[in-house]
Every structure is written in C-alpha cells, then in structure tokens.
Amino acid sequence: MLTFENVSKVYKGGTYAVKNLSFAFEKGEFIVFIGPSGCGKTTTMKMINRLIDPTEGVISIDGKDASSQDAVKLRRDIGYVIQQIGLFPHMTIQENVTLVPKLMNWPKEKRRERAKELLELVDMGEEYLARYPNELSGGQQQRIGVLRALAANPPLILMDEPFGALDPITRDTLQDEFKRLQQRLNKTIVFVTHDMDEALKLADRMVILRDGELVQLGTPDEILASP
Ligand code: ADP
Ligand code: ADP
C-alpha cells in the first residue's frame, strides 16, 4: 500500500531532513512515526502527499510511483488531519465535514446522507449538522476534523499529531475511539507523534526516527522487548 525505497530529502542549505528511508506497509495498517521535534516526521508526511518531493528515492502508493501522478488527484485519495483542525467558522458542521465531497461534486442529498453517517461513526446525532464549530467542544471539533478526512472515503489517511492540542482525558477518549474506528473501517493510517504512550497504544507497527534516520521498525511489543 505504501512503500519508501531509499528516500532522502535535503532542504536548501544542506539539511538532511530524511536519510535513506525504506519500508513497506500493508493496506489497513496503523503506522506510527515517532521521534523528537526535528527528526523528519513532518517532512515524511509532506512527501507522501506530495507537498514536497524527495531529493532521492521512490515513494509508491498502491504500487504506483507517487511522483508520476498528478499531485492534486493523488491528494484526493489521501485524508489529512492536523493538530490545528481548521474548521471553517462560518460553515456549519455539515458543510465542514463534506468539503471534499463538495469539491468532487457529490449531489446535495448524498452529501447530507454522508454527513449524517459520519457523525454516527462517533455517536454524534444529526442535531449537530446545522451547528457551527464554536458551538462544539474542543474534542467534538477534533472529531469533526477526523471525519472530514474520512468523508470521501480515501484509502489512506495521514495524521500529524491530531490529538496533541487536547486535554489528557479527551485525548485518551479520542485515541480509543479512533483506534476502534480504524479497525472497523480497515483504513491505512500514517500517524505522527512525539508521544511514546500514544504510539504504543495506537500502532500496528511503528517507526522510530532520529535525525531523519530509521532507528527501529516493529510492532509495539517488538519495540518494548528490544533493549
Ligand atoms: P513540528 O515539530 O510540528 O514539525 P517544526 O518547528 O519542525 O514543527 O516545523 C514547523 C514548520 O516549519 C514545518 O512546516 C517545517 O517544514 C518548517 N520548518 C522547520 N524547520 C525549518 C527551517 N529550518 N527552515 C524553514 N522551514 C522550516
Ligand atoms: P519534525 O516534523 O519531526 O519536527 P521536520 O520534518 O519538520 O521534523 O524537520 C526535519 C529537519 O528538517 C529539521 O532539522 C528542520 O529544521 C529541517 N527543515 C524542515 N523543513 C525545512 C525547510 N522548509 N527548509 C529547511 N529545513 C527544513
């Protein structure tokens, strides 16, 4: 589903943000990249959705070289969730959650049905559809940010510290909820965090990065068992 072959990224000025990364992940895997600030997590994410291109190496999604595809089209098949959710304050929850379906010209009735279905996934009723983001709690807003990434049913979802801004209790709840949802929907997730507890809780397999290099790759049990 997602492979890197000897991928490196050198920024102008010579910083090696990512060095010779290689791995292969299967469809439906929950993959977590973990490491301290500056280790190359954001650079890795940006290369997957082609906001930037690698200096060397090949990234393939579903067996196809990402660099040979149209970046805009490729991004339509990738959901993206970040820490600063960025819901549009003047749009209702329904409009926020179905932004991508709207860009794809889904008819209005289908968008409404999809919005209802999405809210049900996180046990929020249809009474929320007509509300505005500032009428929701932080945790509910972040749920909407996650649902927005799922709206057009992309096979791959990228998540960059999506729960980082939440209080510990809400964060814990959303982690549990999201892990169950991912298993049910069988989505491939690439998740980055600097929080080891979060990584161990969510990952099927995790990649430990340091200074742009892969230090370890394995299941949480394998990581915990290693010296
Ligand atoms: P985070 O740890 O959340 O990734 P960073 O401070 O590493 O935050 O980066 C924030 C943003 O600034 C990223 O989009 C990154 O690409 C950019 N950035 C980081 N370092 C530099 C730099 N030395 N020069 C230019 N942009 C940078
Ligand atoms: P992380 O997300 O793990 O914090 P980043 O991928 O943002 O790490 O950054 C990796 C390294 O690349 C850091 O040393 C950072 O300063 C550098 N970097 C990131 N973005 C840029 C940029 N646009 N220009 C120059 N250096 C950058």
# chains A, B, ... in the order shown; residues from 1 in each chain; ligands from 1
>>> select_by_dssp(residues="range 4-46 of chain A", states="helix (DSSP H, G or I)", output="list in words")
Lys41, Thr42, Thr43, Thr44, Met45 and Lys46 of chain A
>>> residues_near_ligand(ligand="ligand 2", cutoff="9 Å", atoms="only C-alpha atoms and all ligand atoms", output="short mmCIF file (atom, residue, chain, number, x, y, z; two decimals) with N, CA, C and O atoms, in the first residue's frame")
data_model
loop_
_atom_site.label_atom_id
_atom_site.label_comp_id
_atom_site.auth_asym_id
_atom_site.auth_seq_id
_atom_site.Cartn_x
_atom_site.Cartn_y
_atom_site.Cartn_z
N LYS A 9 15.52 13.42 1.80
CA LYS A 9 15.13 14.79 1.49
C LYS A 9 16.19 15.73 2.05
O LYS A 9 16.49 15.71 3.24
N VAL A 10 16.77 16.51 1.16
CA VAL A 10 17.76 17.52 1.57
C VAL A 10 17.14 18.88 1.28
O VAL A 10 16.75 19.16 0.15
N TYR A 11 17.01 19.71 2.31
CA TYR A 11 16.49 21.06 2.09
C TYR A 11 17.61 21.98 1.58
O TYR A 11 18.79 21.68 1.77
N LYS A 12 17.18 23.08 1.01
CA LYS A 12 18.16 24.11 0.62
C LYS A 12 19.01 24.45 1.83
O LYS A 12 18.50 24.59 2.93
N GLY A 13 20.29 24.59 1.65
CA GLY A 13 21.16 24.86 2.78
C GLY A 13 21.80 23.57 3.27
O GLY A 13 22.69 23.61 4.12
N GLY A 14 21.32 22.42 2.75
CA GLY A 14 22.00 21.17 3.02
C GLY A 14 21.51 20.32 4.18
O GLY A 14 22.11 19.30 4.49
N THR A 15 20.41 20.75 4.85
CA THR A 15 19.88 19.91 5.94
C THR A 15 19.31 18.60 5.38
O THR A 15 18.41 18.63 4.55
N TYR A 16 19.85 17.47 5.85
CA TYR A 16 19.26 16.16 5.53
C TYR A 16 18.10 15.92 6.48
O TYR A 16 18.30 15.46 7.60
N ALA A 17 16.88 16.25 6.07
CA ALA A 17 15.73 16.09 6.97
C ALA A 17 15.32 14.63 7.08
O ALA A 17 14.84 14.19 8.12
N VAL A 18 15.53 13.87 5.98
CA VAL A 18 15.23 12.45 5.95
C VAL A 18 16.35 11.76 5.21
O VAL A 18 16.78 12.24 4.16
N PHE A 33 4.78 7.05 13.14
CA PHE A 33 6.15 7.56 13.14
C PHE A 33 6.36 8.35 14.41
O PHE A 33 5.59 9.25 14.72
N ILE A 34 7.40 7.98 15.14
CA ILE A 34 7.65 8.68 16.40
C ILE A 34 9.09 9.15 16.48
O ILE A 34 10.00 8.47 15.99
N GLY A 35 9.28 10.29 17.11
CA GLY A 35 10.62 10.82 17.32
C GLY A 35 10.49 12.25 17.79
O GLY A 35 9.42 12.85 17.72
N PRO A 36 11.60 12.81 18.28
CA PRO A 36 11.56 14.18 18.81
C PRO A 36 11.39 15.21 17.70
O PRO A 36 11.52 14.89 16.52
N SER A 37 11.11 16.43 18.09
CA SER A 37 10.97 17.53 17.13
C SER A 37 12.22 17.61 16.26
O SER A 37 13.34 17.46 16.76
N GLY A 38 12.04 17.77 14.96
CA GLY A 38 13.18 17.91 14.05
C GLY A 38 13.69 16.60 13.48
O GLY A 38 14.65 16.58 12.71
N CYS A 39 13.06 15.46 13.82
CA CYS A 39 13.57 14.16 13.36
C CYS A 39 13.11 13.81 11.94
O CYS A 39 13.55 12.80 11.39
N GLY A 40 12.22 14.63 11.37
CA GLY A 40 11.81 14.37 9.99
C GLY A 40 10.38 13.88 9.80
O GLY A 40 10.01 13.48 8.69
N LYS A 41 9.57 13.92 10.85
CA LYS A 41 8.19 13.41 10.77
C LYS A 41 7.35 14.20 9.76
O LYS A 41 6.71 13.63 8.88
N THR A 42 7.39 15.52 9.91
CA THR A 42 6.56 16.36 9.03
C THR A 42 7.04 16.27 7.58
O THR A 42 6.23 16.21 6.65
N THR A 43 8.34 16.22 7.40
CA THR A 43 8.90 16.07 6.05
C THR A 43 8.41 14.78 5.40
O THR A 43 8.02 14.75 4.23
N THR A 44 8.38 13.68 6.18
CA THR A 44 7.90 12.40 5.68
C THR A 44 6.44 12.50 5.22
O THR A 44 6.08 12.06 4.13
N MET A 45 5.61 13.10 6.06
CA MET A 45 4.20 13.29 5.71
C MET A 45 4.03 14.12 4.45
O MET A 45 3.24 13.79 3.58
N LYS A 46 4.78 15.22 4.39
CA LYS A 46 4.64 16.12 3.23
C LYS A 46 5.07 15.44 1.94
O LYS A 46 4.55 15.74 0.88
N ASP A 160 -1.15 14.20 11.56
CA ASP A 160 0.03 14.84 12.14
C ASP A 160 -0.33 15.38 13.53
O ASP A 160 -0.94 16.43 13.63
N VAL A 192 1.73 10.63 12.95
CA VAL A 192 3.00 11.03 13.58
C VAL A 192 2.75 11.65 14.95
O VAL A 192 1.75 12.31 15.18
N THR A 193 3.66 11.37 15.85
CA THR A 193 3.56 11.89 17.21
C THR A 193 4.94 11.91 17.85
O THR A 193 5.85 11.23 17.38
N HIS A 194 5.09 12.70 18.93
CA HIS A 194 6.34 12.57 19.70
C HIS A 194 6.05 11.91 21.04
O HIS A 194 6.92 11.83 21.90
N LEU A 209 12.19 7.40 14.47
CA LEU A 209 13.10 8.22 13.68
C LEU A 209 14.00 9.03 14.60
O LEU A 209 13.56 9.50 15.66
N ARG A 210 15.25 9.17 14.18
CA ARG A 210 16.14 10.11 14.86
C ARG A 210 17.02 10.78 13.82
O ARG A 210 17.61 10.08 12.99
N ASP A 211 17.07 12.09 13.85
CA ASP A 211 17.85 12.86 12.87
C ASP A 211 17.59 12.40 11.43
O ASP A 211 18.53 12.25 10.64
N GLY A 212 16.33 12.12 11.13
CA GLY A 212 15.96 11.76 9.76
C GLY A 212 16.22 10.31 9.40
O GLY A 212 15.92 9.89 8.28
#
>>> residues_around(residues="Val58 in chain A", least_positions_apart="3", cutoff="10 Å", atoms="only C-alpha atoms", output="list in words")
Thr3, Phe4, Glu5, Asn6, Val7, Ser8, Leu21, Ser22, Asp53, Pro54, Thr55, Lys64, Asp65, Ala66 and Ser67 of chain A
>>> closest_residue(among="A:Met47, A:Ile59, A:Ile169, A:Ile223", to="ligand 1", atoms="only C-alpha atoms and all ligand atoms")
A:Met47
>>> select_by_dssp(residues="range 3-220 of chain A", states="strand (DSSP E or B)", output="PyMOL selection string")
chain A and resi 3-10+16-25+30-34+56-61+64-65+78-82+156-160+188-193+205-210+213-218
>>> residues_around(residues="Met1 in chain A", least_positions_apart="2", cutoff="7 Å", atoms="only C-alpha atoms", output="number ranges by chain")
A: 3, 25-27, 61-63
>>> residues_around(residues="range 106-121 of chain A", least_positions_apart="3", cutoff="10 Å", atoms="only C-alpha atoms", output="list in words")
Ile93, Gln94, Glu95, Asn96, Val97, Thr98, Leu99, Val100, Pro101, Lys102, Leu103, Met124, Gly125, Glu126, Glu127, Tyr128, Leu129, Arg143, Ile144, Val146, Leu147, Arg148, Leu150, Ala151, Ala152, Glu177, Phe178 and Leu181 of chain A
>>> atom_distance(atom1="CA of Lys187 in chain A", atom2="CA of Asp167 in chain A")
25.9 Å
>>> residues_around(residues="Ile31 in chain A", least_positions_apart="5", cutoff="12 Å", atoms="only C-alpha atoms", output="VMD selection string")
chain A and resid 1 to 2 23 to 26 45 156 to 160 179 182 187 to 193 198 to 208 217 to 220
>>> atom_distance(atom1="CA of Gly79 in chain A", atom2="CA of Val215 in chain A")
27.0 Å
>>> residues_around(residues="range 130-139 of chain A", least_positions_apart="6", cutoff="10 Å", atoms="only C-alpha atoms", output="CSV table (one decimal) with N, CA, C and O atoms, in the first residue's frame")
chain,number,residue,atom,x,y,z
A,85,ILE,N,-7.1,21.9,13.7
A,85,ILE,CA,-8.1,21.3,12.7
A,85,ILE,C,-8.5,22.2,11.6
A,85,ILE,O,-8.7,21.8,10.5
A,86,GLY,N,-8.6,23.5,12.0
A,86,GLY,CA,-9.0,24.5,10.9
A,86,GLY,C,-10.4,24.2,10.3
A,86,GLY,O,-10.6,24.2,9.1
A,87,LEU,N,-11.4,24.0,11.2
A,87,LEU,CA,-12.8,24.0,10.7
A,87,LEU,C,-13.1,25.5,10.3
A,87,LEU,O,-12.6,26.4,10.9
A,88,PHE,N,-13.9,25.6,9.3
A,88,PHE,CA,-14.3,27.0,8.8
A,88,PHE,C,-15.4,27.5,9.7
A,88,PHE,O,-16.5,26.9,9.8
A,89,PRO,N,-15.1,28.6,10.5
A,89,PRO,CA,-16.1,29.1,11.5
A,89,PRO,C,-17.5,29.5,10.9
A,89,PRO,O,-18.5,29.4,11.6
A,90,HIS,N,-17.5,30.0,9.7
A,90,HIS,CA,-18.7,30.4,9.1
A,90,HIS,C,-19.5,29.3,8.4
A,90,HIS,O,-20.5,29.6,7.8
A,91,MET,N,-19.0,28.1,8.4
A,91,MET,CA,-19.7,27.0,7.8
A,91,MET,C,-20.2,26.1,8.9
A,91,MET,O,-19.6,25.9,9.9
A,92,THR,N,-21.4,25.4,8.6
A,92,THR,CA,-22.0,24.5,9.5
A,92,THR,C,-21.1,23.2,9.6
A,92,THR,O,-20.2,23.0,8.7
A,93,ILE,N,-21.4,22.4,10.6
A,93,ILE,CA,-20.7,21.1,10.7
A,93,ILE,C,-20.9,20.3,9.4
A,93,ILE,O,-20.0,19.7,8.9
A,94,GLN,N,-22.1,20.3,8.9
A,94,GLN,CA,-22.4,19.5,7.7
A,94,GLN,C,-21.5,20.0,6.5
A,94,GLN,O,-20.9,19.2,5.8
A,95,GLU,N,-21.4,21.3,6.4
A,95,GLU,CA,-20.6,21.9,5.3
A,95,GLU,C,-19.1,21.6,5.5
A,95,GLU,O,-18.4,21.2,4.6
A,96,ASN,N,-18.6,21.7,6.8
A,96,ASN,CA,-17.3,21.4,7.1
A,96,ASN,C,-16.9,20.0,6.8
A,96,ASN,O,-15.8,19.7,6.3
A,145,GLY,N,-12.8,17.2,12.6
A,145,GLY,CA,-11.6,17.2,11.7
A,145,GLY,C,-11.3,15.8,11.2
A,145,GLY,O,-10.9,15.7,10.0
A,163,PHE,N,-4.2,14.7,18.0
A,163,PHE,CA,-4.8,14.9,19.3
A,163,PHE,C,-3.9,15.7,20.3
A,163,PHE,O,-4.2,15.8,21.5
A,165,ALA,N,-3.4,18.8,20.8
A,165,ALA,CA,-3.9,20.0,21.5
A,165,ALA,C,-5.0,19.8,22.5
A,165,ALA,O,-5.5,20.7,23.1
A,166,LEU,N,-5.4,18.5,22.7
A,166,LEU,CA,-6.5,18.2,23.5
A,166,LEU,C,-6.0,18.0,25.0
A,166,LEU,O,-4.9,17.6,25.2
A,167,ASP,N,-6.9,18.2,25.9
A,167,ASP,CA,-6.6,17.8,27.3
A,167,ASP,C,-6.4,16.3,27.4
A,167,ASP,O,-7.0,15.6,26.6
A,169,ILE,N,-7.6,13.8,29.1
A,169,ILE,CA,-8.8,12.9,29.2
A,169,ILE,C,-9.5,12.8,27.9
A,169,ILE,O,-9.8,11.7,27.4
A,170,THR,N,-9.7,13.9,27.2
A,170,THR,CA,-10.3,13.9,25.9
A,170,THR,C,-9.4,13.2,24.9
A,170,THR,O,-9.8,12.5,24.0
A,171,ARG,N,-8.1,13.4,25.0
A,171,ARG,CA,-7.1,12.8,24.1
A,171,ARG,C,-7.2,11.3,24.2
A,171,ARG,O,-7.3,10.6,23.2
A,173,THR,N,-9.8,9.5,25.3
A,173,THR,CA,-11.1,9.1,24.7
A,173,THR,C,-11.0,9.0,23.2
A,173,THR,O,-11.4,8.0,22.6
A,174,LEU,N,-10.4,10.1,22.6
A,174,LEU,CA,-10.4,10.1,21.1
A,174,LEU,C,-9.4,9.0,20.5
A,174,LEU,O,-9.7,8.5,19.5
>>> atom_distance(atom1="CA of Arg50 in chain A", atom2="CA of Lys73 in chain A")
10.7 Å
>>> closest_residue(among="A:Asp77, A:Asp123, A:Glu161, A:Glu56", to="ligand 1", atoms="only C-alpha atoms and all ligand atoms")
A:Glu161
>>> closest_residue(among="A:Ser68, A:Gln142, A:Asn153, A:Gln83", to="ligand 1", atoms="only C-alpha atoms and all ligand atoms")
A:Gln83
